[in-house]
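Undergrad: So that you have it, the file is query31.cif, and it contains mmCIF, C-alpha atoms and all ligand atoms:
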```
data_entry
#
loop_
_atom_site.label_atom_id
_atom_site.label_comp_id
_atom_site.auth_asym_id
_atom_site.auth_seq_id
_atom_site.Cartn_x
_atom_site.Cartn_y
_atom_site.Cartn_z
CA VAL A 258 52.47 89.05 -21.09
CA ASP A 259 54.19 88.03 -17.91
CA ILE A 260 52.49 84.91 -16.62
CA ASP A 261 53.32 83.52 -13.20
CA CYS A 262 53.44 79.77 -13.86
CA ASP A 263 53.71 78.72 -10.22
CA ASN A 264 50.53 80.49 -9.37
CA ASN A 265 47.99 78.07 -10.79
CA PRO A 266 44.78 80.04 -11.22
CA ILE A 267 42.37 77.09 -11.16
CA ASP A 268 39.61 77.49 -8.68
CA ASP A 269 38.68 74.44 -6.54
CA THR A 270 34.97 74.97 -7.10
CA ILE A 271 35.52 74.51 -10.84
CA ILE A 272 37.32 71.23 -10.17
CA ASP A 273 34.41 69.93 -8.04
CA GLN A 274 31.89 71.05 -10.64
CA MET A 275 33.83 69.23 -13.40
CA LYS A 276 33.69 65.98 -11.49
CA THR A 277 29.98 66.03 -10.77
CA ASP A 278 28.29 67.75 -13.70
CA PRO A 279 27.71 65.46 -16.73
CA HIS A 280 26.94 68.44 -18.96
CA GLN A 281 30.29 70.13 -18.65
CA LEU A 282 31.17 72.26 -21.64
CA ILE A 283 34.71 71.98 -22.91
CA LEU A 284 36.31 74.31 -25.42
CA GLY A 285 38.65 72.33 -27.69
CA ILE A 286 41.49 73.98 -29.62
CA GLU A 287 43.45 72.28 -32.43
CA THR A 288 46.33 73.75 -34.48
CA SER A 289 48.77 70.85 -34.92
CA CYS A 290 48.99 71.01 -38.72
CA ASP A 291 47.09 73.09 -41.28
CA GLU A 292 43.65 73.41 -39.69
CA THR A 293 42.84 76.13 -37.15
CA ALA A 294 39.94 74.69 -35.18
CA ALA A 295 37.83 75.39 -32.10
CA SER A 296 34.75 73.61 -30.79
CA ILE A 297 32.41 73.41 -27.84
CA VAL A 298 31.37 69.90 -26.79
CA GLU A 299 28.98 69.02 -23.98
CA GLY A 300 29.66 66.02 -21.76
CA GLY A 301 32.31 64.67 -24.13
CA ARG A 302 29.70 63.54 -26.67
CA HIS A 303 27.48 66.35 -27.94
CA ILE A 304 28.87 68.91 -30.36
CA LEU A 305 27.45 72.40 -29.82
CA SER A 306 29.78 73.98 -32.36
CA SER A 307 32.75 72.99 -34.49
CA VAL A 308 34.66 75.55 -36.51
CA VAL A 309 37.54 74.59 -38.82
CA ALA A 310 39.51 77.17 -40.81
CA SER A 311 41.33 75.08 -43.37
CA GLN A 312 44.54 76.26 -45.04
CA ILE A 313 44.41 73.57 -47.75
CA ASP A 314 44.07 76.05 -50.62
CA ILE A 315 47.15 77.97 -49.48
CA HIS A 316 49.37 74.89 -49.07
CA ALA A 317 48.05 73.21 -52.24
CA LYS A 318 50.16 75.65 -54.29
CA PHE A 319 53.27 74.17 -52.68
CA GLY A 320 52.17 70.52 -52.91
CA GLY A 321 52.21 70.09 -49.11
CA VAL A 322 52.12 71.92 -45.78
CA VAL A 323 54.69 74.75 -45.42
CA PRO A 324 55.27 74.97 -41.62
CA GLU A 325 56.07 78.70 -41.44
CA ILE A 326 53.00 79.62 -43.48
CA ALA A 327 50.87 77.31 -41.31
CA SER A 328 51.98 79.09 -38.11
CA ARG A 329 51.25 82.54 -39.52
CA GLU A 330 47.81 81.45 -40.73
CA HIS A 331 47.02 80.00 -37.29
CA VAL A 332 47.95 83.34 -35.69
CA ASN A 333 45.55 85.12 -38.07
CA HIS A 334 42.65 82.73 -37.51
CA MET A 335 42.92 81.50 -33.93
CA LEU A 336 40.94 84.15 -32.06
CA PRO A 337 38.19 84.62 -34.70
CA VAL A 338 37.75 80.82 -34.83
CA ILE A 339 37.40 80.57 -31.02
CA ASP A 340 35.00 83.50 -31.04
CA ARG A 341 32.91 81.87 -33.75
CA ALA A 342 32.83 78.54 -31.86
CA LEU A 343 31.45 80.33 -28.80
CA ARG A 344 28.89 82.26 -30.85
CA ASP A 345 27.74 79.17 -32.81
CA ALA A 346 27.23 77.33 -29.50
CA ASN A 347 25.55 80.41 -28.03
CA LYS A 348 27.79 80.17 -24.97
CA ALA A 349 30.01 82.58 -23.05
CA LEU A 350 33.45 81.72 -21.71
CA SER A 351 31.99 81.93 -18.21
CA GLU A 352 29.73 78.94 -18.97
CA LEU A 353 32.63 76.63 -19.81
CA SER A 354 34.25 74.09 -17.50
CA GLY A 355 37.63 73.66 -19.16
CA ILE A 356 39.91 74.43 -22.09
CA ALA A 357 41.42 71.46 -23.92
CA VAL A 358 44.26 71.96 -26.37
CA THR A 359 46.42 69.79 -28.62
CA TYR A 360 49.96 70.12 -27.25
CA GLY A 361 51.52 67.53 -29.61
CA PRO A 362 52.50 65.85 -31.81
CA GLY A 363 52.61 68.15 -34.83
CA LEU A 364 54.45 71.12 -36.27
CA VAL A 365 56.02 73.02 -33.38
CA GLY A 366 55.22 76.52 -34.65
CA ALA A 367 51.64 75.50 -35.39
CA LEU A 368 51.09 73.78 -32.01
CA LEU A 369 52.48 76.80 -30.17
CA VAL A 370 49.72 79.05 -31.48
CA GLY A 371 46.97 76.86 -30.03
CA VAL A 372 48.84 76.24 -26.79
CA ALA A 373 49.46 79.97 -26.30
CA ALA A 374 45.79 80.78 -26.98
CA ALA A 375 44.61 78.10 -24.54
CA LYS A 376 47.04 79.25 -21.84
CA GLY A 377 45.99 82.88 -22.28
CA LEU A 378 42.30 81.98 -21.97
CA SER A 379 42.95 79.72 -18.98
CA HIS A 380 44.90 82.46 -17.23
CA ALA A 381 42.27 85.09 -17.97
CA THR A 382 39.25 83.00 -16.95
CA GLY A 383 40.66 80.69 -14.28
CA LEU A 384 39.38 77.70 -16.26
CA PRO A 385 41.44 74.50 -16.11
CA LEU A 386 43.89 73.84 -18.93
CA ILE A 387 43.67 70.28 -20.27
CA PRO A 388 46.51 68.99 -22.49
CA VAL A 389 45.38 66.59 -25.23
CA HIS A 390 47.49 64.36 -27.45
CA HIS A 391 46.48 64.70 -31.11
CA LEU A 392 46.02 60.94 -31.57
CA GLU A 393 43.91 60.75 -28.44
CA GLY A 394 41.74 63.37 -30.14
CA HIS A 395 41.38 61.20 -33.25
CA ILE A 396 40.37 58.27 -31.03
CA ALA A 397 37.73 60.44 -29.32
CA SER A 398 36.23 61.45 -32.68
CA ALA A 399 34.54 58.03 -32.57
CA TYR A 400 32.66 58.96 -29.34
CA LEU A 401 31.05 61.81 -31.27
CA ALA A 402 29.67 59.35 -33.84
CA ASP A 403 28.70 56.40 -31.66
CA GLU A 404 26.86 57.05 -28.39
CA ALA A 405 27.17 53.42 -27.31
CA LEU A 406 30.94 53.26 -27.79
CA LYS A 407 32.92 52.62 -24.61
CA PRO A 408 36.46 51.39 -23.95
CA PRO A 409 38.08 48.91 -24.07
CA PHE A 410 38.65 48.67 -27.82
CA LEU A 411 41.36 48.55 -30.45
CA CYS A 412 41.87 51.72 -32.50
CA LEU A 413 43.61 52.11 -35.84
CA ILE A 414 44.67 55.72 -36.37
CA VAL A 415 45.64 56.46 -39.96
CA SER A 416 46.55 59.99 -41.00
CA GLY A 417 49.14 62.16 -42.71
CA GLY A 418 51.58 61.53 -39.88
CA HIS A 419 50.53 58.24 -38.32
CA ALA A 420 49.63 54.59 -38.72
CA THR A 421 49.13 53.49 -35.14
CA LEU A 422 47.30 50.58 -33.57
CA ALA A 423 46.45 51.58 -30.03
CA GLU A 424 44.80 49.59 -27.29
CA VAL A 425 42.28 51.93 -25.66
CA LYS A 426 42.13 50.38 -22.19
CA ASP A 427 40.08 53.23 -20.77
CA TYR A 428 39.02 56.74 -21.89
CA ALA A 429 42.42 58.17 -21.03
CA HIS A 430 44.60 55.06 -20.85
CA PHE A 431 46.28 53.93 -24.06
CA GLU A 432 48.93 51.44 -25.07
CA VAL A 433 50.53 51.53 -28.49
CA LEU A 434 50.54 48.08 -30.10
CA ALA A 435 52.02 49.03 -33.49
CA ARG A 436 53.16 52.04 -35.43
CA THR A 437 54.66 52.79 -38.82
CA ARG A 438 58.39 52.30 -39.04
CA ASP A 439 58.69 54.93 -41.80
CA ASP A 440 55.93 56.73 -43.74
CA ALA A 441 52.29 57.17 -42.78
CA PRO A 442 49.57 56.08 -45.25
CA GLY A 443 48.27 59.64 -45.72
CA GLU A 444 51.83 60.75 -46.44
CA ALA A 445 52.11 58.00 -49.09
CA PHE A 446 48.79 59.09 -50.68
CA ASP A 447 49.99 62.72 -50.69
CA LYS A 448 53.39 61.84 -52.20
CA ILE A 449 51.99 59.64 -54.98
CA ALA A 450 49.30 62.19 -55.84
CA ARG A 451 52.03 64.80 -56.22
CA VAL A 452 54.16 62.53 -58.43
CA ILE A 453 51.27 61.75 -60.78
CA GLY A 454 50.22 65.40 -60.89
CA LEU A 455 46.92 65.24 -58.96
CA GLY A 456 47.75 67.88 -56.32
CA TYR A 457 47.23 68.16 -52.55
CA PRO A 458 45.85 66.64 -50.33
CA GLY A 459 46.45 63.37 -52.12
CA GLY A 460 44.11 61.00 -50.26
CA PRO A 461 40.75 62.36 -51.47
CA LEU A 462 42.15 63.04 -54.97
CA ILE A 463 43.47 59.48 -55.35
CA GLU A 464 40.18 58.13 -53.99
CA LYS A 465 38.26 60.06 -56.63
CA ALA A 466 40.64 59.11 -59.43
CA ALA A 467 40.39 55.43 -58.40
CA GLU A 468 36.65 55.24 -59.14
CA GLY A 469 36.00 52.50 -61.67
CA GLY A 470 39.72 51.61 -61.94
CA ARG A 471 41.23 48.10 -61.82
CA ARG A 472 42.54 47.29 -58.35
CA ASP A 473 45.13 44.83 -59.65
CA ALA A 474 46.51 46.61 -62.71
CA PHE A 475 50.13 45.91 -61.62
CA PHE A 476 52.04 44.46 -58.69
CA LEU A 477 52.81 46.49 -55.56
CA PRO A 478 54.40 44.97 -52.43
CA ILE A 479 52.66 44.61 -49.06
CA THR A 480 55.12 44.92 -46.17
CA ASP A 481 54.59 42.69 -43.12
CA PHE A 482 56.77 42.02 -40.11
CA LEU A 483 56.72 38.51 -38.68
CA ASP A 484 57.35 39.59 -35.11
CA SER A 485 55.07 42.64 -34.82
CA PHE A 486 51.99 44.41 -36.18
CA ASP A 487 54.08 47.43 -37.23
CA PHE A 488 53.49 49.07 -40.60
CA SER A 489 55.85 50.25 -43.34
CA PHE A 490 54.75 52.24 -46.37
CA SER A 491 58.03 53.48 -47.83
CA GLY A 492 58.46 50.29 -49.93
CA VAL A 493 55.06 50.55 -51.59
CA LYS A 494 55.60 54.27 -52.15
CA THR A 495 58.93 53.73 -53.93
CA ALA A 496 57.55 50.80 -55.94
CA ALA A 497 54.59 52.95 -57.05
CA ILE A 498 56.90 55.78 -58.13
CA ASN A 499 59.07 53.34 -60.14
CA GLN A 500 55.94 51.87 -61.71
CA TYR A 501 54.73 55.35 -62.64
CA ARG A 502 58.06 56.14 -64.35
CA LYS A 503 57.61 53.03 -66.51
CA ILE A 504 54.03 54.01 -67.33
CA GLU A 505 55.14 57.56 -68.16
CA HIS A 506 57.74 56.19 -70.58
CA GLU A 507 55.17 53.90 -72.24
CA ALA A 508 52.75 56.82 -72.54
CA GLN A 509 55.40 59.02 -74.17
CA GLN A 510 56.00 56.35 -76.79
CA GLU A 511 52.28 56.17 -77.48
CA GLY A 512 52.07 59.98 -77.52
CA LYS A 513 49.40 60.04 -74.77
CA ASP A 514 49.08 61.12 -71.12
CA TRP A 515 48.53 57.54 -69.97
CA PRO A 516 49.35 54.37 -71.96
CA SER A 517 46.66 51.98 -73.16
CA SER A 518 47.83 49.32 -70.65
CA VAL A 519 47.28 51.31 -67.41
CA GLY A 520 45.01 54.35 -67.04
CA LEU A 521 45.03 56.96 -64.28
CA SER A 522 42.07 55.26 -62.57
CA ASP A 523 43.82 51.86 -62.71
CA PHE A 524 46.98 53.34 -61.21
CA ALA A 525 45.08 55.12 -58.41
CA ALA A 526 42.85 52.11 -57.65
CA THR A 527 45.79 49.69 -57.48
CA PHE A 528 47.79 51.98 -55.20
CA GLN A 529 44.79 52.66 -52.94
CA GLU A 530 43.96 48.94 -52.76
CA THR A 531 47.50 48.04 -51.65
CA ILE A 532 47.41 50.55 -48.80
CA VAL A 533 43.91 49.47 -47.77
CA GLN A 534 44.73 45.73 -47.84
CA THR A 535 47.91 46.31 -45.82
CA LEU A 536 45.95 48.18 -43.13
CA ALA A 537 43.21 45.54 -43.11
CA SER A 538 45.52 42.55 -42.82
CA HIS A 539 47.59 44.02 -39.95
CA THR A 540 44.46 45.07 -38.09
CA LYS A 541 42.82 41.68 -38.56
CA ARG A 542 45.89 39.92 -37.14
CA ALA A 543 45.99 42.32 -34.20
CA LEU A 544 42.26 41.84 -33.48
CA LYS A 545 42.60 38.07 -33.54
CA GLU A 546 45.59 38.10 -31.23
CA THR A 547 44.23 40.63 -28.72
CA ASN A 548 40.61 39.44 -28.76
CA TYR A 549 39.06 42.94 -28.75
CA ARG A 550 35.42 42.77 -29.91
CA GLN A 551 35.31 46.45 -30.93
CA LEU A 552 37.43 48.27 -33.52
CA VAL A 553 37.60 52.03 -34.11
CA ILE A 554 39.26 53.50 -37.20
CA ALA A 555 40.13 57.20 -37.02
CA GLY A 556 42.34 59.86 -38.64
CA GLY A 557 42.20 61.53 -42.05
CA VAL A 558 42.66 58.30 -44.04
CA SER A 559 39.61 56.75 -42.33
CA ALA A 560 37.55 59.00 -44.62
CA ASN A 561 38.55 56.69 -47.48
CA LYS A 562 35.49 54.80 -48.77
CA ARG A 563 37.39 51.74 -49.97
CA LEU A 564 39.09 51.46 -46.55
CA ARG A 565 35.67 51.69 -44.87
CA GLU A 566 34.27 49.01 -47.16
CA VAL A 567 37.15 46.55 -46.71
CA MET A 568 37.31 47.08 -42.93
CA SER A 569 33.57 46.63 -42.63
CA GLU A 570 33.75 43.28 -44.48
CA MET A 571 36.77 42.17 -42.45
CA THR A 572 35.20 42.97 -39.05
CA LYS A 573 31.91 41.34 -40.05
CA GLU A 574 33.77 38.17 -41.01
CA ILE A 575 35.45 37.89 -37.59
CA GLY A 576 32.50 39.17 -35.52
CA VAL A 577 33.98 42.49 -34.37
CA ARG A 578 31.91 45.68 -33.94
CA LEU A 579 33.21 48.59 -36.02
CA THR A 580 32.96 52.35 -35.44
CA ILE A 581 34.32 54.95 -37.86
CA PRO A 582 33.79 58.70 -37.23
CA THR A 583 31.45 60.75 -39.38
CA LEU A 584 33.30 61.87 -42.53
CA SER A 585 33.84 65.49 -41.50
CA PHE A 586 35.33 64.41 -38.15
CA CYS A 587 37.88 62.00 -39.67
CA THR A 588 40.24 64.82 -40.61
CA ASP A 589 41.56 67.33 -38.06
CA ASN A 590 38.95 69.19 -36.02
CA ALA A 591 38.59 70.53 -32.50
CA ALA A 592 35.43 68.66 -31.44
CA MET A 593 37.57 65.55 -31.06
CA ILE A 594 39.99 67.53 -28.85
CA ALA A 595 37.13 68.82 -26.68
CA SER A 596 35.76 65.27 -26.32
CA ALA A 597 39.17 63.83 -25.42
CA GLY A 598 39.72 66.77 -23.06
CA TYR A 599 36.50 65.98 -21.18
CA TYR A 600 37.61 62.39 -20.51
CA ALA A 601 41.20 63.44 -19.80
CA TRP A 602 39.99 65.88 -17.16
CA GLN A 603 37.81 63.23 -15.57
CA SER A 604 40.84 60.96 -15.36
CA GLY A 605 42.66 63.63 -13.33
CA ARG A 606 44.72 65.28 -16.02
CA ARG A 607 45.55 68.97 -15.97
CA ALA A 608 48.38 71.27 -16.99
CA SER A 609 49.79 74.41 -15.46
CA LEU A 610 50.61 77.53 -17.44
CA ASP A 611 54.10 76.26 -18.26
CA LEU A 612 52.56 73.76 -20.72
CA ASN A 613 54.68 73.61 -23.86
CA ALA A 614 54.19 72.23 -27.36
CA VAL A 615 55.76 68.77 -27.80
CA PRO A 616 56.17 68.11 -31.55
CA MET A 617 57.09 64.41 -31.15
CA ALA A 618 54.87 63.53 -28.15
CA GLU A 619 54.13 59.81 -27.75
CA LEU A 620 50.60 58.75 -26.81
CA ASP A 621 51.59 57.71 -23.27
CA ASP A 622 53.22 61.12 -22.67
CA VAL A 623 49.81 62.30 -21.43
CA ASN A 624 50.26 60.28 -18.23
CA ARG A 625 52.73 62.82 -16.85
CA PHE A 626 49.90 65.36 -16.57
CA VAL A 627 47.77 63.24 -14.23
CA VAL A 628 47.53 64.79 -10.79
CA GLY A 629 45.99 63.22 -7.70
O1 LIG A 701 44.10 63.45 -39.64
P1 LIG A 701 44.49 64.41 -40.70
O2 LIG A 701 43.52 65.49 -41.09
O3 LIG A 701 45.82 65.15 -40.33
C1 LIG A 701 46.88 64.50 -39.70
O4 LIG A 701 46.82 64.36 -38.46
O5 LIG A 701 47.79 64.08 -40.46
O6 LIG A 701 44.87 63.54 -41.98
C2 LIG A 701 45.27 64.12 -43.19
C3 LIG A 701 45.67 63.00 -44.15
C4 LIG A 701 46.25 63.52 -45.45
O7 LIG A 701 47.44 62.82 -45.72
C5 LIG A 701 45.15 63.17 -46.47
O8 LIG A 701 45.66 62.90 -47.78
C6 LIG A 701 44.52 61.94 -45.86
O9 LIG A 701 44.51 62.19 -44.47
N1 LIG A 701 43.14 61.75 -46.33
C7 LIG A 701 42.72 60.68 -47.05
C8 LIG A 701 41.36 60.91 -47.37
N2 LIG A 701 40.99 62.12 -46.82
C9 LIG A 701 42.10 62.61 -46.18
N3 LIG A 701 43.39 59.59 -47.45
C10 LIG A 701 42.71 58.68 -48.18
N4 LIG A 701 41.42 58.84 -48.56
C11 LIG A 701 40.70 59.93 -48.17
N5 LIG A 701 39.42 60.08 -48.53
ZN ZN A 702 45.21 64.42 -37.40
#
```
Rewrite the structure of this file - the entire thing - as structure tokens.

TA:
Amino acid sequence: VDIDCDNNPIDDTIIDQMKTDPHQLILGIETSCDETAASIVEGGRHILSSVVASQIDIHAKFGGVVPEIASREHVNHMLPVIDRALRDANKALSELSGIAVTYGPGLVGALLVGVAAAKGLSHATGLPLIPVHHLEGHIASAYLADEALKPPFLCLIVSGGHATLAEVKDYAHFEVLARTRDDAPGEAFDKIARVIGLGYPGGPLIEKAAEGGRRDAFFLPITDFLDSFDFSFSGVKTAAINQYRKIEHEAQQEGKDWPSSVGLSDFAATFQETIVQTLASHTKRALKETNYRQLVIAGGVSANKRLREVMSEMTKEIGVRLTIPTLSFCTDNAAMIASAGYYAWQSGRRASLDLNAVPMAELDDVNRFVVG
């Protein structure tokens, strides 16, 4: 299809309507990794529909996401998922006010499918195209769970690709305070689960295996930096793998799967506890130094029950209000993209039809889309 990118199709009446109508309906589209998702959200807060076609079963065979397979699956599912989101919400495209799409970060081939779908729909309908950063989406997932939540607040985003502490100064104004210098916590969960033979995705499987296990069955290091709140998880990951090799050896000598000294649940609980305590201690330091009275925890790893428990105790102790998204909106979905898109649009953000996928986009990259 030959699309004229200089000829922006957005109608001025739609722009005026967006700014005055608090019930605007936004279609959100998310394809940054292995979930094809579409959702309709009203006024940034009320979910009318949320459809997620997960590819987990396909990638599980390979122990992780295979980018080429992810792109092909997105192509197969994108239009039916959008169609279903509209039908579930009982809305027509003509009733929408905008189309929000994740343009980065993520797998380039996967992102491109969502971006192309959003551009095609924007071109065909004349609806505004709203570019959303994936992490901004995770932050917005908290608005869907907590009606009273308003910026400013501190947000910890923990997922398969990120460990980021962001200052949310306003709905569409973010400053990154800390990030991981190497691996993300979800990535560490996934890697360790693979090494000990649990499968993919590792986070929920390790959480389940950890039930009833000892949280201090062996020593694992916690990495801190004196001069920043940054995270690092590669040390704990390597230490856990080395520890597992020792355990494996001991088990072989005893002729069992796991030795008598450390069971699978002990191993999983100790590993999980180290990740959770690292996240809690960095976040506590950051809260104390910045004086935010509200914390949001988002991203796939925020589904972890032990993390929720420890963070809830920590915030209570220092008098900080805590919001964590509903379980099903912790992992990737499009309702969070529609919510973020609503606020992004209100802040003056929009993209033309030359919008491209940006696999390594930083959170403040969104500022370049603000017009007028
Ligand atoms: O946010 P998300 O769906 O995708 C990314 O943006 O990365 O997060 C997926 C990650 C995976 O690494 C998965 O293992 C982890 O979140 N995860 C969990 C739990 N549920 C998902 N990690 C720990 N505990 C969980 N319950
Ligand atoms: Zn995510």

Undergrad: Between A:Met593, A:Leu411, A:Ile356, A:Leu483, which is the closest to ligand ZN 702 (chain A) once you count only C-alpha atoms and all ligand atoms?

TA: A:Met593

Undergrad: Counting all atoms listed in the file, which of A:Arg607, A:Arg578, A:Glu530, A:Asp622 gets nearest to Asp403 (chain A)?

TA: A:Arg578

Undergrad: Write out as a PDB file with C-alpha atoms, in the coordinates of the input which residues come within 12 Å of Arg550 (chain A) when counting only C-alpha atoms, dropping same-chain ones fewer than 3 positions away.

TA:
```pdb
ATOM      1  CA  LEU A 406      30.940  53.260 -27.790  1.00  0.00           C
ATOM      2  CA  LYS A 407      32.920  52.620 -24.610  1.00  0.00           C
ATOM      3  CA  PRO A 408      36.460  51.390 -23.950  1.00  0.00           C
ATOM      4  CA  PRO A 409      38.080  48.910 -24.070  1.00  0.00           C
ATOM      5  CA  PHE A 410      38.650  48.670 -27.820  1.00  0.00           C
ATOM      6  CA  LEU A 411      41.360  48.550 -30.450  1.00  0.00           C
ATOM      7  CA  CYS A 412      41.870  51.720 -32.500  1.00  0.00           C
ATOM      8  CA  GLU A 424      44.800  49.590 -27.290  1.00  0.00           C
ATOM      9  CA  LYS A 541      42.820  41.680 -38.560  1.00  0.00           C
ATOM     10  CA  ALA A 543      45.990  42.320 -34.200  1.00  0.00           C
ATOM     11  CA  LEU A 544      42.260  41.840 -33.480  1.00  0.00           C
ATOM     12  CA  LYS A 545      42.600  38.070 -33.540  1.00  0.00           C
ATOM     13  CA  GLU A 546      45.590  38.100 -31.230  1.00  0.00           C
ATOM     14  CA  THR A 547      44.230  40.630 -28.720  1.00  0.00           C
ATOM     15  CA  VAL A 553      37.600  52.030 -34.110  1.00  0.00           C
ATOM     16  CA  THR A 572      35.200  42.970 -39.050  1.00  0.00           C
ATOM     17  CA  LYS A 573      31.910  41.340 -40.050  1.00  0.00           C
ATOM     18  CA  ILE A 575      35.450  37.890 -37.590  1.00  0.00           C
ATOM     19  CA  GLY A 576      32.500  39.170 -35.520  1.00  0.00           C
ATOM     20  CA  VAL A 577      33.980  42.490 -34.370  1.00  0.00           C
ATOM     21  CA  ARG A 578      31.910  45.680 -33.940  1.00  0.00           C
ATOM     22  CA  LEU A 579      33.210  48.590 -36.020  1.00  0.00           C
ATOM     23  CA  THR A 580      32.960  52.350 -35.440  1.00  0.00           C
TER      24      THR A 580
END
```

Undergrad: I want to know what sits within 9 Å of Ala466 (chain A), based on only C-alpha atoms, with residues of the same chain fewer than 2 positions away left out; could you give that as a PDB file with C-alpha atoms, keeping the file's coordinate frame?

TA:
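What follows is the written file out20.pdb:
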```pdb
ATOM      1  CA  LEU A 455      46.920  65.240 -58.960  1.00  0.00           C
ATOM      2  CA  PRO A 461      40.750  62.360 -51.470  1.00  0.00           C
ATOM      3  CA  LEU A 462      42.150  63.040 -54.970  1.00  0.00           C
ATOM      4  CA  ILE A 463      43.470  59.480 -55.350  1.00  0.00           C
ATOM      5  CA  GLU A 464      40.180  58.130 -53.990  1.00  0.00           C
ATOM      6  CA  GLU A 468      36.650  55.240 -59.140  1.00  0.00           C
ATOM      7  CA  GLY A 469      36.000  52.500 -61.670  1.00  0.00           C
ATOM      8  CA  GLY A 470      39.720  51.610 -61.940  1.00  0.00           C
ATOM      9  CA  LEU A 521      45.030  56.960 -64.280  1.00  0.00           C
ATOM     10  CA  SER A 522      42.070  55.260 -62.570  1.00  0.00           C
ATOM     11  CA  ASP A 523      43.820  51.860 -62.710  1.00  0.00           C
ATOM     12  CA  PHE A 524      46.980  53.340 -61.210  1.00  0.00           C
ATOM     13  CA  ALA A 525      45.080  55.120 -58.410  1.00  0.00           C
ATOM     14  CA  ALA A 526      42.850  52.110 -57.650  1.00  0.00           C
TER      15      ALA A 526
END
```

Undergrad: Give me, as number ranges by chain, the set of residues whose atoms come within 10 Å of any atom of ligand LIG 701 (chain A), counting all atoms listed in the file.

TA: A: 289-292, 321, 362-363, 391-392, 394-395, 414-420, 441-448, 450, 457-465, 529, 532-533, 555-565, 584-590

Undergrad: Would you save the residues of that selection, restricted to C-alpha atoms, as a compact mmCIF listing (two decimals), keeping the file's coordinate frame?

TA:
```txt
# COMPACT_ATOMS: atom_id res chain seq x y z
CA SER A 289 48.77 70.85 -34.92
CA CYS A 290 48.99 71.01 -38.72
CA ASP A 291 47.09 73.09 -41.28
CA GLU A 292 43.65 73.41 -39.69
CA GLY A 321 52.21 70.09 -49.11
CA PRO A 362 52.50 65.85 -31.81
CA GLY A 363 52.61 68.15 -34.83
CA HIS A 391 46.48 64.70 -31.11
CA LEU A 392 46.02 60.94 -31.57
CA GLY A 394 41.74 63.37 -30.14
CA HIS A 395 41.38 61.20 -33.25
CA ILE A 414 44.67 55.72 -36.37
CA VAL A 415 45.64 56.46 -39.96
CA SER A 416 46.55 59.99 -41.00
CA GLY A 417 49.14 62.16 -42.71
CA GLY A 418 51.58 61.53 -39.88
CA HIS A 419 50.53 58.24 -38.32
CA ALA A 420 49.63 54.59 -38.72
CA ALA A 441 52.29 57.17 -42.78
CA PRO A 442 49.57 56.08 -45.25
CA GLY A 443 48.27 59.64 -45.72
CA GLU A 444 51.83 60.75 -46.44
CA ALA A 445 52.11 58.00 -49.09
CA PHE A 446 48.79 59.09 -50.68
CA ASP A 447 49.99 62.72 -50.69
CA LYS A 448 53.39 61.84 -52.20
CA ALA A 450 49.30 62.19 -55.84
CA TYR A 457 47.23 68.16 -52.55
CA PRO A 458 45.85 66.64 -50.33
CA GLY A 459 46.45 63.37 -52.12
CA GLY A 460 44.11 61.00 -50.26
CA PRO A 461 40.75 62.36 -51.47
CA LEU A 462 42.15 63.04 -54.97
CA ILE A 463 43.47 59.48 -55.35
CA GLU A 464 40.18 58.13 -53.99
CA LYS A 465 38.26 60.06 -56.63
CA GLN A 529 44.79 52.66 -52.94
CA ILE A 532 47.41 50.55 -48.80
CA VAL A 533 43.91 49.47 -47.77
CA ALA A 555 40.13 57.20 -37.02
CA GLY A 556 42.34 59.86 -38.64
CA GLY A 557 42.20 61.53 -42.05
CA VAL A 558 42.66 58.30 -44.04
CA SER A 559 39.61 56.75 -42.33
CA ALA A 560 37.55 59.00 -44.62
CA ASN A 561 38.55 56.69 -47.48
CA LYS A 562 35.49 54.80 -48.77
CA ARG A 563 37.39 51.74 -49.97
CA LEU A 564 39.09 51.46 -46.55
CA ARG A 565 35.67 51.69 -44.87
CA LEU A 584 33.30 61.87 -42.53
CA SER A 585 33.84 65.49 -41.50
CA PHE A 586 35.33 64.41 -38.15
CA CYS A 587 37.88 62.00 -39.67
CA THR A 588 40.24 64.82 -40.61
CA ASP A 589 41.56 67.33 -38.06
CA ASN A 590 38.95 69.19 -36.02
```

Undergrad: Report the distance between CA of Phe431 (chain A) and CA of Ala327 (chain A) in Å, rounded to one decimal place.

TA: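 Rounded to one decimal, the two atoms are 29.4 Å apart.
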
Undergrad: Give me the residues near Asn499 (chain A) as an NGL selection string, where near means some atom within 12 Å (using all atoms listed in the file) and where sequence neighbours in that chain fewer than 4 positions away do not count.

TA: :A and (449 or 452-453 or 475-477 or 492-495 or 503-506)

Undergrad: Limited to C-alpha atoms, could you put the picked residues into a file as a short mmCIF file (atom, residue, chain, number, x, y, z; two decimals), in the coordinates of the input?

TA:
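The new file part-v6.cif reads:
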```cif
data_model
loop_
_atom_site.label_atom_id
_atom_site.label_comp_id
_atom_site.auth_asym_id
_atom_site.auth_seq_id
_atom_site.Cartn_x
_atom_site.Cartn_y
_atom_site.Cartn_z
CA ILE A 449 51.99 59.64 -54.98
CA VAL A 452 54.16 62.53 -58.43
CA ILE A 453 51.27 61.75 -60.78
CA PHE A 475 50.13 45.91 -61.62
CA PHE A 476 52.04 44.46 -58.69
CA LEU A 477 52.81 46.49 -55.56
CA GLY A 492 58.46 50.29 -49.93
CA VAL A 493 55.06 50.55 -51.59
CA LYS A 494 55.60 54.27 -52.15
CA THR A 495 58.93 53.73 -53.93
CA LYS A 503 57.61 53.03 -66.51
CA ILE A 504 54.03 54.01 -67.33
CA GLU A 505 55.14 57.56 -68.16
CA HIS A 506 57.74 56.19 -70.58
#
```
